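Peer 1: So here's model18.pdb, just PDB, C-alpha atoms:
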ATOM      1  CA  MET R  18     -54.817  86.340  -7.533
ATOM      2  CA  LYS R  19     -52.426  83.880  -8.991
ATOM      3  CA  LYS R  20     -48.884  83.971  -7.782
ATOM      4  CA  ILE R  21     -46.396  85.076 -10.404
ATOM      5  CA  PRO R  22     -42.910  83.470 -10.147
ATOM      6  CA  LEU R  23     -40.222  85.788  -8.946
ATOM      7  CA  PHE R  24     -37.981  84.795 -11.865
ATOM      8  CA  PHE R  25     -40.461  86.088 -14.460
ATOM      9  CA  LEU R  26     -40.976  89.262 -12.499
ATOM     10  CA  LEU R  27     -37.250  89.886 -12.522
ATOM     11  CA  LEU R  28     -37.038  89.194 -16.251
ATOM     12  CA  PHE R  29     -40.134  90.907 -17.533
ATOM     13  CA  GLY R  30     -40.756  93.488 -14.833
ATOM     14  CA  PRO R  31     -38.509  96.169 -16.366
ATOM     15  CA  VAL R  32     -40.038  95.593 -19.795
ATOM     16  CA  ALA R  33     -43.546  96.043 -18.516
ATOM     17  CA  MET R  34     -42.585  99.211 -16.657
ATOM     18  CA  ALA R  35     -40.907 100.598 -19.779
ATOM     19  CA  GLN R  36     -44.002  99.916 -21.827
ATOM     20  CA  GLU R  37     -46.140 101.693 -19.290
ATOM     21  CA  GLN R  38     -43.770 104.652 -19.263
ATOM     22  CA  GLN R  39     -43.658 104.636 -23.059
ATOM     23  CA  ALA R  40     -47.396 104.630 -23.210
ATOM     24  CA  THR R  41     -47.634 107.550 -20.776
ATOM     25  CA  ALA R  42     -44.606 109.595 -21.601
ATOM     26  CA  GLY R  43     -43.863 108.762 -25.228
ATOM     27  CA  PHE R  44     -40.840 107.042 -26.785
ATOM     28  CA  ASP R  45     -37.922 106.377 -24.348
ATOM     29  CA  TRP R  46     -34.490 105.530 -25.855
ATOM     30  CA  TYR R  47     -33.019 104.730 -22.500
ATOM     31  CA  SER R  48     -35.543 101.991 -21.785
ATOM     32  CA  LEU R  49     -35.032 100.535 -25.228
ATOM     33  CA  LEU R  50     -31.280 100.252 -24.758
ATOM     34  CA  ASN R  51     -31.824  98.868 -21.295
ATOM     35  CA  ASP R  52     -34.074  96.140 -22.670
ATOM     36  CA  LEU R  53     -31.630  95.386 -25.464
ATOM     37  CA  PHE R  54     -28.703  94.889 -23.075
ATOM     38  CA  PHE R  55     -30.864  92.784 -20.804
ATOM     39  CA  TRP R  56     -31.861  90.410 -23.585
ATOM     40  CA  MET R  57     -28.288  90.206 -24.817
ATOM     41  CA  PHE R  58     -27.144  89.308 -21.296
ATOM     42  CA  PHE R  59     -29.930  86.745 -20.950
ATOM     43  CA  ILE R  60     -29.167  85.071 -24.297
ATOM     44  CA  THR R  61     -25.444  85.068 -23.484
ATOM     45  CA  PHE R  62     -26.175  83.469 -20.129
ATOM     46  CA  VAL R  63     -28.341  80.767 -21.704
ATOM     47  CA  LEU R  64     -25.737  80.075 -24.384
ATOM     48  CA  LEU R  65     -23.052  79.837 -21.688
ATOM     49  CA  ILE R  66     -25.145  77.330 -19.744
ATOM     50  CA  LEU R  67     -25.777  75.274 -22.875
ATOM     51  CA  THR R  68     -22.067  75.429 -23.769
ATOM     52  CA  LEU R  69     -21.071  74.245 -20.301
ATOM     53  CA  VAL R  70     -23.575  71.397 -20.448
ATOM     54  CA  THR R  71     -22.367  70.415 -23.926
ATOM     55  CA  VAL R  72     -18.714  70.604 -22.910
ATOM     56  CA  ASN R  73     -19.430  68.522 -19.791
ATOM     57  CA  ARG R  74     -21.180  65.874 -21.835
ATOM     58  CA  ALA R  75     -18.388  65.835 -24.396
ATOM     59  CA  PHE R  76     -15.795  65.556 -21.633
ATOM     60  CA  ASN R  77     -17.678  62.655 -20.062
ATOM     61  CA  ALA R  78     -17.992  60.933 -23.436
ATOM     62  CA  ILE R  79     -14.250  61.375 -24.099
ATOM     63  CA  LYS R  80     -13.486  60.094 -20.606
ATOM     64  CA  GLU R  81     -15.660  57.010 -21.108
ATOM     65  CA  LEU R  82     -14.045  56.379 -24.505
ATOM     66  CA  MET R  83     -10.536  56.641 -23.024
ATOM     67  CA  THR R  84     -11.512  54.325 -20.162
ATOM     68  CA  ALA R  85     -12.907  51.762 -22.616
ATOM     69  CA  GLN R  86      -9.747  51.933 -24.742
ATOM     70  CA  LYS R  87      -7.578  51.575 -21.624
ATOM     71  CA  ASN R  88      -9.571  48.558 -20.476
ATOM     72  CA  ALA R  89      -9.316  47.017 -23.952
ATOM     73  CA  ILE R  90      -5.538  47.551 -23.990
ATOM     74  CA  GLN R  91      -5.182  46.089 -20.499
ATOM     75  CA  SER R  92      -7.348  43.095 -21.456
ATOM     76  CA  THR R  93      -5.242  42.515 -24.565
ATOM     77  CA  GLU R  94      -2.025  42.719 -22.519
ATOM     78  CA  VAL R  95      -3.394  40.288 -19.930
ATOM     79  CA  GLU R  96      -4.432  37.855 -22.645
ATOM     80  CA  ALA R  97      -1.005  38.170 -24.239
ATOM     81  CA  GLU R  98       0.697  37.551 -20.887
ATOM     82  CA  GLU R  99      -1.536  34.535 -20.219
ATOM     83  CA  GLN R 100      -0.772  33.194 -23.690
ATOM     84  CA  VAL R 101       2.955  33.629 -23.072
ATOM     85  CA  MET R 102       2.608  31.872 -19.699
ATOM     86  CA  VAL R 103       0.689  29.021 -21.299
ATOM     87  CA  GLU R 104       3.278  28.676 -24.042
ATOM     88  CA  ALA R 105       6.144  28.890 -21.538
ATOM     89  CA  ARG R 106       4.541  26.369 -19.165
ATOM     90  CA  PRO R 107       6.475  23.082 -19.290
ATOM     91  CA  SER R 108       4.745  19.941 -20.510
ATOM     92  CA  LEU R 109       3.864  16.970 -18.294
ATOM     93  CA  TYR R 110       6.894  15.055 -19.602
ATOM     94  CA  GLN R 111       9.192  17.998 -18.845
ATOM     95  CA  ARG R 112       7.783  18.327 -15.324
ATOM     96  CA  ILE R 113       8.244  14.602 -14.667
ATOM     97  CA  MET R 114      11.826  14.635 -15.975
ATOM     98  CA  TYR R 115      12.648  17.682 -13.886
ATOM     99  CA  ALA R 116      11.205  16.012 -10.775
ATOM    100  CA  LEU R 117      13.396  12.965 -11.445
ATOM    101  CA  THR R 118      16.618  14.758 -12.412
ATOM    102  CA  LYS R 119      16.432  18.369 -11.109
ATOM    103  CA  ALA R 120      18.583  19.250 -14.102
ATOM    104  CA  LYS R 121      18.966  22.939 -14.917
ATOM    105  CA  PRO R 122      17.860  24.044 -18.383
ATOM    106  CA  ILE R 123      20.556  25.110 -20.829
ATOM    107  CA  GLU R 124      19.740  28.802 -20.484
ATOM    108  CA  LYS R 125      20.385  28.598 -16.711
ATOM    109  CA  GLU R 126      23.579  26.541 -16.787
ATOM    110  CA  ALA R 127      25.656  29.674 -16.266
ATOM    111  CA  ASP R 128      24.324  29.841 -12.687
ATOM    112  CA  ILE R 129      25.844  26.463 -11.759
ATOM    113  CA  MET R 130      29.004  26.555 -13.867
ATOM    114  CA  LEU R 131      32.224  26.014 -11.906
ATOM    115  CA  ASP R 132      35.522  27.757 -12.454
ATOM    116  CA  HIS R 133      37.231  24.567 -13.612
ATOM    117  CA  ASP R 134      38.228  24.534 -17.253
ATOM    118  CA  TYR R 135      39.701  21.417 -18.869
ATOM    119  CA  ASP R 136      40.771  22.107 -22.451
ATOM    120  CA  GLY R 137      37.700  24.257 -22.986
ATOM    121  CA  ILE R 138      35.372  21.816 -21.217
ATOM    122  CA  LYS R 139      33.639  23.395 -18.230
ATOM    123  CA  GLU R 140      32.091  21.582 -15.304
ATOM    124  CA  LEU R 141      28.559  22.059 -13.985
ATOM    125  CA  ASP R 142      27.640  21.738 -10.324
ATOM    126  CA  ASN R 143      24.422  19.797 -10.910
ATOM    127  CA  SER R 144      22.595  18.273  -7.984
ATOM    128  CA  LEU R 145      22.372  14.504  -7.696
ATOM    129  CA  PRO R 146      19.229  13.218  -9.447
ATOM    130  CA  PRO R 147      16.426  12.556  -6.938
ATOM    131  CA  TRP R 148      15.867   9.049  -8.370
ATOM    132  CA  TRP R 149      19.495   8.191  -7.574
ATOM    133  CA  VAL R 150      19.347   9.715  -4.093
ATOM    134  CA  TRP R 151      16.113   7.909  -3.210
ATOM    135  CA  GLY R 152      17.460   4.684  -4.682
ATOM    136  CA  PHE R 153      20.525   5.010  -2.457
ATOM    137  CA  TYR R 154      18.333   5.605   0.608
ATOM    138  CA  ILE R 155      16.209   2.564  -0.285
ATOM    139  CA  THR R 156      19.299   0.337  -0.530
ATOM    140  CA  ILE R 157      20.411   1.482   2.913
ATOM    141  CA  ILE R 158      16.992   0.765   4.399
ATOM    142  CA  TYR R 159      16.850  -2.618   2.638
ATOM    143  CA  SER R 160      20.316  -3.583   3.891
ATOM    144  CA  VAL R 161      19.259  -2.896   7.486
ATOM    145  CA  ILE R 162      16.081  -4.985   7.049
ATOM    146  CA  TYR R 163      18.095  -7.765   5.372
ATOM    147  CA  LEU R 164      20.657  -7.810   8.190
ATOM    148  CA  LEU R 165      17.956  -8.009  10.864
ATOM    149  CA  HIS R 166      15.885 -10.600   8.990
ATOM    150  CA  PHE R 167      18.658 -13.061   8.091
ATOM    151  CA  HIS R 168      21.495 -12.506  10.564
ATOM    152  CA  VAL R 169      20.081 -10.941  13.742
ATOM    153  CA  LEU R 170      16.524 -12.192  14.253
ATOM    154  CA  GLY R 171      17.033 -15.377  12.250
ATOM    155  CA  THR R 172      13.543 -15.189  10.731
ATOM    156  CA  GLY R 173      14.935 -15.888   7.267
ATOM    157  CA  PRO R 174      16.807 -18.965   6.020
ATOM    158  CA  SER R 175      20.604 -18.903   6.126
ATOM    159  CA  SER R 176      22.794 -19.531   3.095
ATOM    160  CA  ILE R 177      23.361 -23.139   4.183
ATOM    161  CA  GLU R 178      19.612 -23.697   4.547
ATOM    162  CA  GLU R 179      18.968 -22.200   1.142
ATOM    163  CA  LEU R 180      21.656 -24.462  -0.354
ATOM    164  CA  GLU R 181      20.108 -27.559   1.209
ATOM    165  CA  ARG R 182      16.689 -26.515  -0.031
ATOM    166  CA  GLU R 183      18.001 -25.988  -3.574
ATOM    167  CA  LEU R 184      19.802 -29.336  -3.518
ATOM    168  CA  ALA R 185      16.620 -31.104  -2.432
ATOM    169  CA  LEU R 186      14.692 -29.398  -5.193
ATOM    170  CA  ALA R 187      17.384 -30.295  -7.727
ATOM    171  CA  GLU R 188      17.210 -33.933  -6.591
ATOM    172  CA  LYS R 189      13.462 -34.019  -7.171
ATOM    173  CA  GLN R 190      13.897 -32.425 -10.588
ATOM    174  CA  LYS R 191      16.558 -34.994 -11.427
ATOM    175  CA  GLU R 192      14.206 -37.811 -10.460
ATOM    176  CA  GLU R 193      11.489 -36.370 -12.672
ATOM    177  CA  TYR R 194      13.971 -36.055 -15.510
ATOM    178  CA  LEU R 195      15.194 -39.628 -15.122
ATOM    179  CA  LYS R 196      11.617 -40.880 -15.439
ATOM    180  CA  THR R 197      11.459 -39.558 -18.978
ATOM    181  CA  ALA R 198      15.162 -39.532 -19.931
ATOM    182  CA  ALA R 199      15.085 -43.204 -20.921
ATOM    183  CA  ASN R 200      13.106 -42.321 -24.038
ATOM    184  CA  LEU R 201      15.588 -39.613 -25.020
ATOM    185  CA  ILE R 202      18.536 -41.978 -25.552
ATOM    186  CA  ASP R 203      20.075 -42.102 -29.024
ATOM    187  CA  GLU R 204      23.398 -43.028 -30.630
ATOM    188  CA  ASN R 205      24.889 -39.712 -29.539
ATOM    189  CA  ASN R 206      24.261 -39.933 -25.780
ATOM    190  CA  VAL R 207      24.003 -43.697 -25.210
ATOM    191  CA  GLN R 208      26.199 -44.995 -22.367
ATOM    192  CA  TYR R 209      27.745 -48.333 -21.499
ATOM    193  CA  LEU R 210      25.850 -49.514 -18.422
ATOM    194  CA  THR R 211      27.485 -52.007 -16.055
ATOM    195  CA  ALA R 212      24.768 -52.081 -13.403
ATOM    196  CA  GLU R 213      23.475 -55.567 -12.683
ATOM    197  CA  ALA R 214      19.861 -54.626 -13.360
ATOM    198  CA  ASN R 215      20.693 -53.152 -16.766
ATOM    199  CA  LEU R 216      22.813 -56.132 -17.817
ATOM    200  CA  ALA R 217      20.127 -58.586 -16.657
ATOM    201  CA  ASN R 218      17.493 -56.774 -18.666
ATOM    202  CA  GLY R 219      19.826 -56.641 -21.688
ATOM    203  CA  ARG R 220      20.551 -60.388 -21.419
ATOM    204  CA  LYS R 221      16.837 -61.152 -21.367
ATOM    205  CA  ILE R 222      16.246 -59.093 -24.499
ATOM    206  CA  TYR R 223      19.299 -60.654 -26.174
ATOM    207  CA  GLU R 224      18.165 -64.225 -25.503
ATOM    208  CA  GLN R 225      14.673 -63.458 -26.821
ATOM    209  CA  ASN R 226      15.685 -61.609 -29.987
ATOM    210  CA  CYS R 227      19.405 -62.003 -30.775
ATOM    211  CA  ALA R 228      20.476 -65.506 -29.715
ATOM    212  CA  SER R 229      19.042 -67.111 -32.857
ATOM    213  CA  CYS R 230      21.675 -65.354 -34.987
ATOM    214  CA  HIS R 231      24.558 -64.798 -32.548
ATOM    215  CA  ALA R 232      24.200 -67.896 -30.284
ATOM    216  CA  ILE R 233      23.112 -67.888 -26.684
ATOM    217  CA  ASP R 234      26.661 -67.258 -25.469
ATOM    218  CA  GLY R 235      27.510 -64.725 -28.223
ATOM    219  CA  GLY R 236      29.822 -67.057 -30.116
ATOM    220  CA  GLY R 237      28.056 -66.378 -33.401
ATOM    221  CA  LEU R 238      25.886 -68.408 -35.817
ATOM    222  CA  VAL R 239      24.515 -66.592 -38.854
ATOM    223  CA  GLY R 240      25.672 -63.391 -37.234
ATOM    224  CA  PRO R 241      29.281 -62.586 -36.242
ATOM    225  CA  ASN R 242      31.031 -63.561 -33.032
ATOM    226  CA  LEU R 243      30.370 -60.959 -30.302
ATOM    227  CA  THR R 244      33.046 -62.087 -27.848
ATOM    228  CA  ASP R 245      36.271 -61.345 -29.739
ATOM    229  CA  ASP R 246      38.046 -58.045 -30.491
ATOM    230  CA  TYR R 247      36.945 -57.799 -34.132
ATOM    231  CA  TYR R 248      33.952 -55.787 -35.263
ATOM    232  CA  ILE R 249      32.461 -55.172 -38.672
ATOM    233  CA  HIS R 250      30.726 -51.880 -37.817
ATOM    234  CA  GLY R 251      32.740 -50.690 -34.819
ATOM    235  CA  GLY R 252      32.997 -51.856 -31.245
ATOM    236  CA  SER R 253      32.090 -48.759 -29.209
ATOM    237  CA  ILE R 254      28.817 -48.573 -27.298
ATOM    238  CA  GLN R 255      27.625 -45.961 -29.794
ATOM    239  CA  ASP R 256      28.437 -48.223 -32.758
ATOM    240  CA  ILE R 257      26.680 -51.257 -31.220
ATOM    241  CA  PHE R 258      23.608 -49.165 -30.304
ATOM    242  CA  LYS R 259      23.452 -47.755 -33.826
ATOM    243  CA  VAL R 260      23.574 -51.231 -35.399
ATOM    244  CA  ILE R 261      20.802 -52.449 -33.077
ATOM    245  CA  LYS R 262      18.683 -49.364 -33.735
ATOM    246  CA  TYR R 263      18.994 -49.085 -37.531
ATOM    247  CA  GLY R 264      20.077 -52.652 -38.421
ATOM    248  CA  VAL R 265      22.147 -53.768 -41.408
ATOM    249  CA  LEU R 266      19.611 -54.909 -43.957
ATOM    250  CA  GLU R 267      22.131 -56.143 -46.514
ATOM    251  CA  LYS R 268      23.555 -58.485 -43.839
ATOM    252  CA  GLY R 269      20.144 -59.607 -42.593
ATOM    253  CA  MET R 270      20.316 -57.535 -39.366
ATOM    254  CA  LEU R 271      16.910 -56.120 -38.481
ATOM    255  CA  ALA R 272      16.293 -52.564 -37.295
ATOM    256  CA  TRP R 273      14.935 -52.783 -33.757
ATOM    257  CA  LYS R 274      14.037 -49.108 -33.271
ATOM    258  CA  ASP R 275      10.335 -49.800 -33.788
ATOM    259  CA  MET R 276      10.294 -52.889 -31.553
ATOM    260  CA  LEU R 277      12.498 -51.860 -28.634
ATOM    261  CA  SER R 278      12.509 -48.687 -26.601
ATOM    262  CA  PRO R 279      15.694 -46.557 -26.444
ATOM    263  CA  ALA R 280      16.302 -47.775 -22.880
ATOM    264  CA  GLN R 281      15.942 -51.417 -23.943
ATOM    265  CA  MET R 282      18.335 -50.915 -26.853
ATOM    266  CA  GLN R 283      20.829 -49.318 -24.457
ATOM    267  CA  ASP R 284      20.561 -52.293 -22.090
ATOM    268  CA  VAL R 285      21.036 -54.894 -24.818
ATOM    269  CA  ALA R 286      23.920 -52.904 -26.348
ATOM    270  CA  SER R 287      25.581 -52.853 -22.916
ATOM    271  CA  TYR R 288      25.064 -56.601 -22.548
ATOM    272  CA  VAL R 289      26.527 -57.281 -25.996
ATOM    273  CA  LYS R 290      29.548 -55.180 -25.103
ATOM    274  CA  SER R 291      29.922 -57.077 -21.811
ATOM    275  CA  LEU R 292      30.298 -60.358 -23.814
ATOM    276  CA  LYS R 293      33.688 -59.253 -25.055
ATOM    277  CA  GLY R 294      36.418 -61.446 -23.604
ATOM    278  CA  THR R 295      34.105 -64.331 -22.626
ATOM    279  CA  THR R 296      34.662 -67.893 -23.880
ATOM    280  CA  PRO R 297      31.777 -69.274 -25.969
ATOM    281  CA  ALA R 298      31.326 -72.994 -26.622
ATOM    282  CA  ASN R 299      31.800 -72.808 -30.413
ATOM    283  CA  PRO R 300      33.235 -69.405 -31.299
ATOM    284  CA  LYS R 301      32.966 -68.260 -34.905
ATOM    285  CA  GLU R 302      36.003 -66.996 -36.765
ATOM    286  CA  PRO R 303      36.714 -63.278 -36.287
ATOM    287  CA  GLN R 304      35.138 -60.891 -38.796
ATOM    288  CA  GLY R 305      35.817 -57.245 -39.474
ATOM    289  CA  THR R 306      38.710 -55.255 -38.053
ATOM    290  CA  LEU R 307      40.426 -55.184 -34.699
ATOM    291  CA  TYR R 308      38.879 -52.689 -32.323
ATOM    292  CA  VAL R 309      40.977 -51.000 -29.618
ATOM    293  CA  GLU R 310      38.970 -49.977 -26.572
ATOM    294  CA  ASP R 311      38.927 -46.308 -25.542
ATOM    295  CA  GLU R 312      41.127 -45.694 -22.508
ATOM    296  CA  ASN R 313      38.557 -43.374 -20.932
ATOM    297  CA  LEU R 314      35.694 -45.836 -21.269
ATOM    298  CA  GLU R 315      36.262 -47.433 -17.865
ATOM    299  CA  LYS R 316      36.247 -44.040 -16.152
ATOM    300  CA  GLU R 317      33.133 -42.949 -18.028
ATOM    301  CA  THR R 318      31.403 -46.210 -17.129
ATOM    302  CA  SER R 319      32.086 -45.858 -13.409
ATOM    303  CA  GLU R 320      30.756 -42.292 -13.358
ATOM    304  CA  ASN R 321      27.465 -43.298 -14.977
ATOM    305  CA  THR R 322      26.802 -46.491 -13.011
ATOM    306  CA  THR R 323      24.588 -44.824 -10.379
ATOM    307  CA  GLU R 324      22.495 -42.983 -12.951
ATOM    308  CA  SER R 325      22.144 -46.168 -14.967
ATOM    309  CA  GLU R 326      20.676 -47.983 -11.986
ATOM    310  CA  GLN R 327      18.047 -45.241 -11.658
ATOM    311  CA  LEU R 328      17.188 -45.502 -15.337
ATOM    312  CA  SER R 329      16.763 -49.242 -15.052
ATOM    313  CA  GLN R 330      14.294 -48.788 -12.228
ATOM    314  CA  ASN R 331      12.159 -46.563 -14.426
TER     315      ASN R 331
END
Just give me the structure as structure tokens.

Peer 2:
Amino acid sequence: MKKIPLFFLLLFGPVAMAQEQQATAGFDWYSLLNDLFFWMFFITFVLLILTLVTVNRAFNAIKELMTAQKNAIQSTEVEAEEQVMVEARPSLYQRIMYALTKAKPIEKEADIMLDHDYDGIKELDNSLPPWWVWGFYITIIYSVIYLLHFHVLGTGPSSIEELERELALAEKQKEEYLKTAANLIDENNVQYLTAEANLANGRKIYEQNCASCHAIDGGGLVGPNLTDDYYIHGGSIQDIFKVIKYGVLEKGMLAWKDMLSPAQMQDVASYVKSLKGTTPANPKEPQGTLYVEDENLEKETSENTTESEQLSQN
């Protein structure tokens, strides 16, 4: 015999018994009402179970929906906060400037404002800029190293040694300059040279190129007398150099700038000037106007004698 579940026996047992009684004893109103109440209770119970299940599912769905909305709101707030932080984050330039100056922003100046008030101008208690502080520390460290290096240990040159070194270097530079300075002479910077070497070189050039017109002793032939105090174009060293350099074509004086170097023209101009006051054999009559010598010429000549000797050697 198959086993019948207890649940079905409990549900359908009274119905079966009522049917048997009805079949044996006729129609029974009590059993009918009993069955009716039973089925009403059963249907109510099932509906209650279904309602509870439905309500539970609806509650869970509402709970999940609220949780999702809460998470979405929180995510939006976090994104907004991150966006605000990103926007409020200082730039690289601002971070560098703050690291160098430590200056407070304008909105925080009230925290470091002092009580002093000068005609409405208030004072801020800003910290010293780090670049200034570190620069000050570096100068202190450098001064200690400098003191030890130059004055205590003596590993560095003293001021006297540095001066001697600079003077030696300047002397070498002067020598290099003098090697090329001879070609830089013109009518503006020419000087009257009294050094023996310069006058000897000027005499040689004069005898080779000028004696045919001015006589070997400067007394004058076709050209004017060079030994008196009268000059047609001026008697200064600059005037004589200029006449030698550019010539006087209308008087038959050649321009020697293409045939003599500036140094050679300076030497011959100095020699011509040195002829003044000498006594030629047959002096020519004076020409031009009387020239009065500059009082400072002698002083200028003595100062440039040493340099002139160096130029002549070059």

Peer 1: Near Leu216 in chain R, counting all atoms listed in the file, which residues have an atom at most 10 Å away, once you skip same-chain residues fewer than 2 positions from it, shown as a compact mmCIF listing (two decimals) with C-alpha atoms, in the coordinates of the input?

Peer 2:
# COMPACT_ATOMS: atom_id res chain seq x y z
CA TYR R 209 27.74 -48.33 -21.50
CA LEU R 210 25.85 -49.51 -18.42
CA THR R 211 27.48 -52.01 -16.06
CA ALA R 212 24.77 -52.08 -13.40
CA GLU R 213 23.48 -55.57 -12.68
CA ALA R 214 19.86 -54.63 -13.36
CA ASN R 218 17.49 -56.77 -18.67
CA GLY R 219 19.83 -56.64 -21.69
CA ARG R 220 20.55 -60.39 -21.42
CA LYS R 221 16.84 -61.15 -21.37
CA ILE R 222 16.25 -59.09 -24.50
CA GLN R 283 20.83 -49.32 -24.46
CA ASP R 284 20.56 -52.29 -22.09
CA VAL R 285 21.04 -54.89 -24.82
CA ALA R 286 23.92 -52.90 -26.35
CA SER R 287 25.58 -52.85 -22.92
CA TYR R 288 25.06 -56.60 -22.55
CA VAL R 289 26.53 -57.28 -26.00
CA LYS R 290 29.55 -55.18 -25.10
CA SER R 291 29.92 -57.08 -21.81
CA SER R 329 16.76 -49.24 -15.05

Peer 1: Which residues fall under the PyMOL selection byres ((chain R and resi 232) around 10) in this file, as a PDB file with C-alpha atoms, in the frame of the given file?

Peer 2:
ATOM      1  CA  TYR R 223      19.299 -60.654 -26.174  1.00  0.00           C
ATOM      2  CA  GLU R 224      18.165 -64.225 -25.503  1.00  0.00           C
ATOM      3  CA  CYS R 227      19.405 -62.003 -30.775  1.00  0.00           C
ATOM      4  CA  ALA R 228      20.476 -65.506 -29.715  1.00  0.00           C
ATOM      5  CA  SER R 229      19.042 -67.111 -32.857  1.00  0.00           C
ATOM      6  CA  CYS R 230      21.675 -65.354 -34.987  1.00  0.00           C
ATOM      7  CA  HIS R 231      24.558 -64.798 -32.548  1.00  0.00           C
ATOM      8  CA  ILE R 233      23.112 -67.888 -26.684  1.00  0.00           C
ATOM      9  CA  ASP R 234      26.661 -67.258 -25.469  1.00  0.00           C
ATOM     10  CA  GLY R 235      27.510 -64.725 -28.223  1.00  0.00           C
ATOM     11  CA  GLY R 236      29.822 -67.057 -30.116  1.00  0.00           C
ATOM     12  CA  GLY R 237      28.056 -66.378 -33.401  1.00  0.00           C
ATOM     13  CA  LEU R 238      25.886 -68.408 -35.817  1.00  0.00           C
ATOM     14  CA  VAL R 239      24.515 -66.592 -38.854  1.00  0.00           C
ATOM     15  CA  GLY R 240      25.672 -63.391 -37.234  1.00  0.00           C
ATOM     16  CA  PRO R 241      29.281 -62.586 -36.242  1.00  0.00           C
ATOM     17  CA  ASN R 242      31.031 -63.561 -33.032  1.00  0.00           C
ATOM     18  CA  LEU R 243      30.370 -60.959 -30.302  1.00  0.00           C
ATOM     19  CA  PRO R 297      31.777 -69.274 -25.969  1.00  0.00           C
ATOM     20  CA  ALA R 298      31.326 -72.994 -26.622  1.00  0.00           C
ATOM     21  CA  ASN R 299      31.800 -72.808 -30.413  1.00  0.00           C
ATOM     22  CA  PRO R 300      33.235 -69.405 -31.299  1.00  0.00           C
ATOM     23  CA  LYS R 301      32.966 -68.260 -34.905  1.00  0.00           C
TER      24      LYS R 301
END

Peer 1: Calculate how many Å separate CA of Leu109 in chain R from CA of Gly152 in chain R, rounding to one decimal.

Peer 2: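 Going from CA of Leu109 in chain R over to CA of Gly152 in chain R, I get 22.8 Å.
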
Peer 1: Check the smallest atom-to-atom distance from each of R:Phe167, R:Tyr263, R:Phe258, R:Phe58 to Gln281 in chain R using only C-alpha atoms, then report the winner.

Peer 2: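 Of the candidates, the smallest distance to Gln281 in chain R is held by R:Phe258.
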
Peer 1: Would you kindly translate the PyMOL selection byres ((chain R and resi 250) around 10) into the concrete residues it picks from this file, as a PyMOL selection string?

Peer 2: chain R and resi 247-249+251-253+256-257+259-260+265+305-306+308
